[in-house]
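Written below as structure tokens is the structure these notes are about.
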Number of protein chains: 4
Amino acid sequence: MIIVMRAHAPEEQIQNVIKHVEDAGFEVHLSRGVERTIIGVKGVSHDALTQPFESLKGVDEVIRVLKPYKLASREFHPDNTQVKVKDVIFGGNTLVIGAGPCSIEGEDMYRDISQAVKASGATLLRGGAFKPRSSPYSFQGMGEEGLKIMRAVGNETGLPIQTEATNPRSLQLVAKYADIIQIGARNMQNYDLLKEAGQTGMPILLKRGMAASTKDLLLSAEYIMSEGNDQVILCERGIRTFETATRNTLDISAIPVLKENTHLPVMVDPSHASGHMQYIQALSLAAIAGGCDGLLIEVHNNPEIAKSDGEQSLLPEQFADLMEQAKKVAAAIGRDI
Amino acid sequence: MIIVMRAHAPEEQIQNVIKHVEDAGFEVHLSRGVERTIIGVKGVSHDALTQPFESLKGVDEVIRVLKPYKLASREFHPDNTQVKVKDVIFGGNTLVIGAGPCSIEGEDMYRDISQAVKASGATLLRGGAFKPRSSPYSFQGMGEEGLKIMRAVGNETGLPIQTEATNPRSLQLVAKYADIIQIGARNMQNYDLLKEAGQTGMPILLKRGMAASTKDLLLSAEYIMSEGNDQVILCERGIRTFETATRNTLDISAIPVLKENTHLPVMVDPSHASGHMQYIQALSLAAIAGGCDGLLIEVHNNPEIAKSDGEQSLLPEQFADLMEQAKKVAAAIGRDI
Amino acid sequence: MIIVMRAHAPEEQIQNVIKHVEDAGFEVHLSRGVERTIIGVKGVSHDALTQPFESLKGVDEVIRVLKPYKLASREFHPDNTQVKVKDVIFGGNTLVIGAGPCSIEGEDMYRDISQAVKASGATLLRGGAFKPRSSPYSFQGMGEEGLKIMRAVGNETGLPIQTEATNPRSLQLVAKYADIIQIGARNMQNYDLLKEAGQTGMPILLKRGMAASTKDLLLSAEYIMSEGNDQVILCERGIRTFETATRNTLDISAIPVLKENTHLPVMVDPSHASGHMQYIQALSLAAIAGGCDGLLIEVHNNPEIAKSDGEQSLLPEQFADLMEQAKKVAAAIGRDI
Amino acid sequence: MIIVMRAHAPEEQIQNVIKHVEDAGFEVHLSRGVERTIIGVKGVSHDALTQPFESLKGVDEVIRVLKPYKLASREFHPDNTQVKVKDVIFGGNTLVIGAGPCSIEGEDMYRDISQAVKASGATLLRGGAFKPRSSPYSFQGMGEEGLKIMRAVGNETGLPIQTEATNPRSLQLVAKYADIIQIGARNMQNYDLLKEAGQTGMPILLKRGMAASTKDLLLSAEYIMSEGNDQVILCERGIRTFETATRNTLDISAIPVLKENTHLPVMVDPSHASGHMQYIQALSLAAIAGGCDGLLIEVHNNPEIAKSDGEQSLLPEQFADLMEQAKKVAAAIGRDI
């Protein structure tokens, strides 16, 4: 940690800061410039990072050199983590393509879509039973009934299923039926949920919040991991910016940024990022070429009557086309699907 | 609702959209321009607002004229709502000034700060017992022990107490001890929590999320209100932008925007918005002049050792100074404190 | 154009709006709902789009259906525009890869870099002679001397050269030496410069501003085109968001969004978007897979002593590696380099 | 400047960085932690701030302690600067209220509005003769004819006039007629224009760009000041965020942030910030209470037919009401109007 004093801070303020630093159990390394004094703080561990030295008189800025997350960091764990779910490996050379409708709306519909996306090469089934919706008047999901449908279709197809938990109760239900528990963007900083998700020991897919930096995302992963669960898969799904042509702005740079800073697998969700079906193919191919470990794509066999996200869902035949292209791009960078 | 067709959309697509609109139970009002056809949709209620007409072929844009929230809207409820908690009224002519430390750290400390802020004119006590923190290594609050301290000091001072609930379990505990339940920015779209908060029937202070528009905030209020609870107080506390000089960017315009669109009281939290104690006085006075119904301000008697948010806390004597100024500005616009 | 009246607006206000619309020479199409009246406005051309009907009493919202740009729009001009500069075609099946240092720092240096990037497959030389820098204390470029160096090296290599003009004077100089005039992000809404650039009749590469939507970018292109110059090439280079891990946030979705809305070629500049050399390869491949028409990449043979943007420049050998990868990804989507 | 090396960077990389620092003429202060080495760089002046040490191998981060601007900084110039224009002083105890229409549309109209706002207490006349508009099809201003009208009305009323220059040519014209030259938000980083504005020696009102941080704004002020002109007035007018209820988001915190970091006067433009007339009074009073040195407000006597910005203009009688309120709020904080 580095404490930068204001220009010409009086000696008394400098000494007061030094005293506080030493009282907190750290070692001081002093550097006096012409205008400013800089106080290096040595021996800081992660749990001491948040000491409020900013509030001491004469302090201009406190710079935290140590990354605020540890278990999630590549510095601490240099090799890539692979998360294995049934026969599917996140973070390996083979990309994971998850597909399915936004919401489970019925068993036949879910089976039809799942069989179609499996036939096109999807290796993971997604779908929502508990839906966090902006409006209380929107369809909120089928609940446990939806989970049962997912489980049945997951068993039939042999593909792992992933679905969202939105609170401690739905978490226990989801844990009972699903192979991967999804924590959605709106709950990325629902720390109680993160801790309980960590305690399940199950694979957790953690989506980036709309106002979350990549650092914030890794701090949320740290919450899960600090419960002893390293089965964490990250997912970029767009951040909120001033651009309104897309529902969110897919932060494609998050892929190499995360790959540099963490060992965890990185998925991309182009459906929620763009909000418009016509952009999904371009974003999917871009994400693959950019180095992601897989995609999550919304597919619906009748988007015109979907109960949620119809405007951003692909038809099964559009998904099949996308998969053809995706395989070629993956091969171009030495990976497969 | 207005459906704008793409330029020169073929008649067959237009007829298909009309059919879908009528099948959904709405009335069509057709307007054919030179290049584009516009399909007015009449008879849409709030629960039908989210029909995915965007996904129909030939549709360029769907414009929802009806506001997506109803109970929270001023159109539906023209008069200001006042929320009364003990002797304190939110939304009246008298501003409500809530003050206290970020976290409850001990009983003596909380009593000292509370008595000091009461002496300066605060009429509400704030403080955190369950703290949502970005890092799992940061202090997470005293839990129920903290709530007991708050209740005791609340009783001694006679002031209502407000504290945050972060999940269904802490919600039940908070409901047992507190006078006002706070839903924090990170949980503004934790819809399960909103619904359960609504069910308590208690006054709820709802903070705006960092990536939430004022419309999103009102939709979250609608979640609480649709459970039959109209005791909702809104709170602007800064949104996330590219500017890093402040922790967040206080959206001062949210005050008149919310006042125009809703009947609910609007508080402002300049402490979390700015993140730096030296800006709090300016922002507090600005918020009062801008028409808010009250302020929430972090005060600590020893910010240098605060376990959280020390850098944005005022000393009791700084708070007293602020109150002096605040009373003058309030009087200038015909209100009092 | 659609004018949405406030709920229950009195008849007198509705009639007043109708009168204003008709006085402005438009035709009215009235639609009365239960709560709101909607006034369709027919016969609006691009130059009448900005009538301030918002300020009429009782008006809630004015929705402009017509896109505000015309010459730049795909509706008006369905086929892709190709911009031909010497042997290079922007907007064809072959991607255009432009490379070179941020600033021209000397003739030998520029020749060495140019020969190296040409050997790796670059078909366009970039470089700055007039540098808009945030700080007045930063290197501001070599001016006309730099242009002469670029011209000489351009002639030797046979590759077209592209460089930035920052005001009407440098525009005239740049027009004298360069093959393509670049308008930088900071000048994207310098409308006088856009008009004068249009008047040169030369190919113009227009970079997106940091706070500009894709719609704003197309409006700026419209400024150039309305001077009779359709040789416009767009360039996405990142927008400003709250994320600080990268210098800007590359809006990868802008590629398909622009391709849908305009016929102009779309380049991507991953160097300015990311600001860090280690992310450039991932972003370059992503942009190609996402459907861009080419890349602009900063290359320096000694980034450690570069006078500007050293931290985001590739070494010639890194650029050569990137080109190998880029060719494979381009081939995967049926294009070449 | 502080160079933070990556964790466990090899000695050879550390020595290479030290060599580069010393070769650049700076002194090294080394601090070796358990995981990381930190290299303090002493003796850095403003013109050396931009050395690209980021590109050296093993460097994780370069932290620039010195503010990148000097002449504009309060550290360098602790006392407030006052800019005197005729009888008006920016930065004194008396607030400066500038008012007038967005565009000059004719002499009678301008005279009527000017007399009205003067009667209500405005001490500065604003108005546009050269209008930077997003669309080439919008009204672009009356040009020199408009300047002549402003000058005539300025002379009649005795109030100073302020108007925008958009390029070197209009700058010379504006300098001939106006008392204060305005540089608009879209040109805040048009560095050539800033330099030429500096060279006029006239008072310059510099508006903050939509994507500019307060630091960027001060760097742009530094461009003007480094030409020997310290007659610079800053103006906050809203930044671009995801919130669409207002045209921009007024960054009210910019007032105390700028007051802390610079000695220059700070004006606020609530008209462009909000884009809607109904929010202007609240924002104006907030800005005064927040400590600004004055306001710029758009007033039009017939907003319904204004050629630009009608929806955000006040009527003269609304402006008169605002002034009544503004005087009370100013008095409450010990200032006057």
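Just so we're on the same page: first chain in the structure tokens is A, next is B, and so on; residues restart at 1 for each chain, and ligands are numbered from 1 in the order they show up.
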Expected answer as a VMD selection string: chain A residues within 7 Å of chain C, only C-alpha atoms = chain A and resid 213 241 243 249 to 253 256 279 282 to 283 285 to 287 289 to 291 328 to 329 332
Would you save the residues from that selection as a compact mmCIF listing (two decimals), in the first residue's frame, using N, CA, C and O atoms?
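For reference, part_14.txt as written:
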```txt
# COMPACT_ATOMS: atom_id res chain seq x y z
N SER A 213 -17.11 -3.50 -12.37
CA SER A 213 -15.84 -3.59 -13.09
C SER A 213 -15.38 -5.04 -13.07
O SER A 213 -15.90 -5.87 -12.32
N THR A 241 -23.94 1.40 -20.40
CA THR A 241 -23.27 2.61 -20.88
C THR A 241 -24.33 3.52 -21.49
O THR A 241 -25.51 3.21 -21.47
N GLU A 243 -24.75 4.06 -24.62
CA GLU A 243 -25.17 3.59 -25.95
C GLU A 243 -26.48 2.83 -25.82
O GLU A 243 -26.57 1.89 -25.03
N THR A 249 -23.69 -2.94 -23.26
CA THR A 249 -22.51 -2.89 -24.12
C THR A 249 -21.62 -4.08 -23.76
O THR A 249 -21.08 -4.14 -22.65
N LEU A 250 -21.50 -5.03 -24.69
CA LEU A 250 -20.64 -6.19 -24.42
C LEU A 250 -19.21 -5.69 -24.28
O LEU A 250 -18.66 -5.07 -25.19
N ASP A 251 -18.60 -5.96 -23.13
CA ASP A 251 -17.22 -5.52 -22.89
C ASP A 251 -16.30 -6.64 -23.35
O ASP A 251 -15.84 -7.46 -22.55
N ILE A 252 -16.02 -6.65 -24.63
CA ILE A 252 -15.22 -7.74 -25.20
C ILE A 252 -13.83 -7.78 -24.59
O ILE A 252 -13.22 -8.85 -24.44
N SER A 253 -13.31 -6.62 -24.19
CA SER A 253 -11.98 -6.57 -23.58
C SER A 253 -11.93 -7.31 -22.25
O SER A 253 -10.85 -7.68 -21.78
N PRO A 256 -9.74 -10.75 -22.44
CA PRO A 256 -8.30 -10.78 -22.14
C PRO A 256 -7.95 -10.19 -20.78
O PRO A 256 -6.98 -10.63 -20.16
N TYR A 279 -27.81 -9.25 -33.78
CA TYR A 279 -26.40 -8.98 -33.49
C TYR A 279 -25.70 -10.19 -32.86
O TYR A 279 -24.49 -10.15 -32.62
N ALA A 282 -22.64 -12.06 -34.79
CA ALA A 282 -21.39 -11.29 -34.83
C ALA A 282 -20.71 -11.29 -33.46
O ALA A 282 -19.49 -11.49 -33.35
N LEU A 283 -21.49 -11.09 -32.41
CA LEU A 283 -20.89 -11.03 -31.07
C LEU A 283 -20.37 -12.40 -30.62
O LEU A 283 -19.35 -12.49 -29.95
N LEU A 285 -19.15 -14.82 -32.55
CA LEU A 285 -17.88 -15.11 -33.23
C LEU A 285 -16.77 -14.24 -32.68
O LEU A 285 -15.63 -14.69 -32.50
N ALA A 286 -17.09 -12.98 -32.39
CA ALA A 286 -16.09 -12.08 -31.81
C ALA A 286 -15.61 -12.61 -30.46
O ALA A 286 -14.41 -12.60 -30.17
N ALA A 287 -16.53 -13.08 -29.65
CA ALA A 287 -16.16 -13.58 -28.32
C ALA A 287 -15.26 -14.80 -28.44
O ALA A 287 -14.28 -14.94 -27.69
N ALA A 289 -13.25 -15.58 -31.01
CA ALA A 289 -11.93 -15.13 -31.49
C ALA A 289 -11.19 -14.36 -30.39
O ALA A 289 -9.96 -14.37 -30.34
N GLY A 290 -11.94 -13.73 -29.52
CA GLY A 290 -11.32 -12.96 -28.43
C GLY A 290 -10.83 -13.82 -27.28
O GLY A 290 -10.20 -13.31 -26.35
N GLY A 291 -11.13 -15.13 -27.33
CA GLY A 291 -10.51 -16.01 -26.35
C GLY A 291 -11.39 -16.50 -25.22
O GLY A 291 -10.88 -17.04 -24.23
N LYS A 328 -15.83 -22.93 -37.16
CA LYS A 328 -14.73 -22.47 -38.03
C LYS A 328 -13.83 -21.46 -37.33
O LYS A 328 -12.61 -21.50 -37.43
N VAL A 329 -14.46 -20.52 -36.64
CA VAL A 329 -13.66 -19.49 -35.94
C VAL A 329 -12.85 -20.14 -34.82
O VAL A 329 -11.67 -19.81 -34.62
N ALA A 332 -9.89 -21.74 -36.21
CA ALA A 332 -8.88 -20.77 -36.67
C ALA A 332 -7.94 -20.35 -35.56
O ALA A 332 -6.80 -19.97 -35.80
```
Mind checking which residues fall within 12 Å of Ile63 (chain C), counting only C-alpha atoms, ignoring those fewer than 4 positions away in the same chain, and posting them as a PyMOL selection string?
-> (chain B and resi 2-4+61-65) or (chain C and resi 1-5+38-41+49-54+59+67-68)
Rank nothing, just name the residue among A:Val117, A:Met142, A:Ile89, A:Val96 nearest to Lys307 (chain A), using only C-alpha atoms.
-> A:Met142
Looking only at strand (DSSP E) from DSSP on the backbone, list the matching residues of region 7-241 of chain B as a ChimeraX atom specification.
-> /B:27-32,37-42,59-63,83-85,88-90,96-100,124-126,161-164,180-183,204-207,232-236
Shell of 7 Å around region 31-36 of chain C, only C-alpha atoms, local chain residues under 4 positions omitted, as a VMD selection string = (chain B and resid 42) or (chain C and resid 5 to 8)
Length of the CA of Arg169 (chain D) to CA of Ala197 (chain D) vector [Å] |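 Pair CA of Arg169 (chain D) / CA of Ala197 (chain D) returns 11.2 Å.
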Would you list the contacts of Ser271 (chain D) as a list of chain:residue names, taking every protein, DNA or RNA residue within 6 Å and counting only C-alpha atoms, but skipping same-chain residues closer than 4 positions in sequence?
->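 What passes the distance filter is D:Gly275, D:Ile297, D:Gln312.
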What gap, in Å, lies between CA of Thr166 (chain C) and CA of Lys148 (chain D)?
->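 Atom-to-atom, CA of Thr166 (chain C) to CA of Lys148 (chain D), that is 28.8 Å.
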Two-atom distance - CA of Lys86 (chain C), CA of Arg111 (chain C) (Å) |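 Straight-line distance from CA of Lys86 (chain C) to CA of Arg111 (chain C) works out to 19.4 Å.
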Which of region 105-333 of chain B counts as alpha helix (DSSP H) under DSSP, as a ChimeraX atom specification please?
-> /B:107-120,144-157,168-177,191-200,214-225,254-261,270-274,280-289,316-332
Find the residues near Gly158 (chain D): any atom within 12 Å, counting only C-alpha atoms, skip ones fewer than 2 places away on the same chain, and give them as number ranges by chain.
-> D: 85-88, 114-115, 118, 122-125, 150-156, 160-161, 179
Neighbours of Ser220 (chain D) within 9 Å (only C-alpha atoms; same-chain residues fewer than 3 positions away dropped), as JSON, numbers by chain?
-> {"C": [134, 135, 136], "D": [69, 188, 189, 190, 191, 194, 206, 215, 216, 217, 223, 224, 225]}
Near Met267 (chain A), within 8 Å and counting only C-alpha atoms, which residues show up once chain neighbours fewer than 4 positions away are dropped, as an MDAnalysis selection string?
-> chainID A and resid 233:236 292:296
Got time to write the residues from that selection, N, CA and C atoms, as a compact mmCIF listing (two decimals), in the first residue's frame?
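And here's selection_28.txt as it stands now:
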```txt
# COMPACT_ATOMS: atom_id res chain seq x y z
N ILE A 233 -17.21 -20.23 -12.47
CA ILE A 233 -17.12 -19.87 -13.89
C ILE A 233 -17.63 -18.44 -14.01
N LEU A 234 -16.85 -17.58 -14.65
CA LEU A 234 -17.24 -16.17 -14.81
C LEU A 234 -18.00 -15.99 -16.11
N CYS A 235 -18.85 -14.97 -16.17
CA CYS A 235 -19.57 -14.71 -17.42
C CYS A 235 -19.75 -13.22 -17.68
N GLU A 236 -19.18 -12.76 -18.78
CA GLU A 236 -19.37 -11.38 -19.25
C GLU A 236 -20.69 -11.32 -20.00
N CYS A 292 -12.71 -16.38 -25.35
CA CYS A 292 -13.56 -16.86 -24.26
C CYS A 292 -13.58 -18.38 -24.23
N ASP A 293 -14.08 -18.94 -23.13
CA ASP A 293 -14.14 -20.39 -22.97
C ASP A 293 -15.50 -20.97 -23.34
N GLY A 294 -16.40 -20.13 -23.79
CA GLY A 294 -17.70 -20.64 -24.18
C GLY A 294 -18.74 -19.55 -24.25
N LEU A 295 -19.92 -19.92 -24.70
CA LEU A 295 -21.02 -18.98 -24.93
C LEU A 295 -22.28 -19.48 -24.25
N LEU A 296 -23.13 -18.54 -23.87
CA LEU A 296 -24.49 -18.84 -23.42
C LEU A 296 -25.44 -18.12 -24.34
```
For each of C:Leu173, C:Ile149, C:Leu193, C:Cys102, take the minimum atom-to-atom distance to Pro132 (chain D), counting only C-alpha atoms, then give the residue where this is smallest.
-> C:Leu193
Out of B:Ile180, B:Ala24, B:Leu95, B:Val17, which residue has the shortest atom-to-atom distance to Met323 (chain B) when counting only C-alpha atoms?
-> B:Leu95
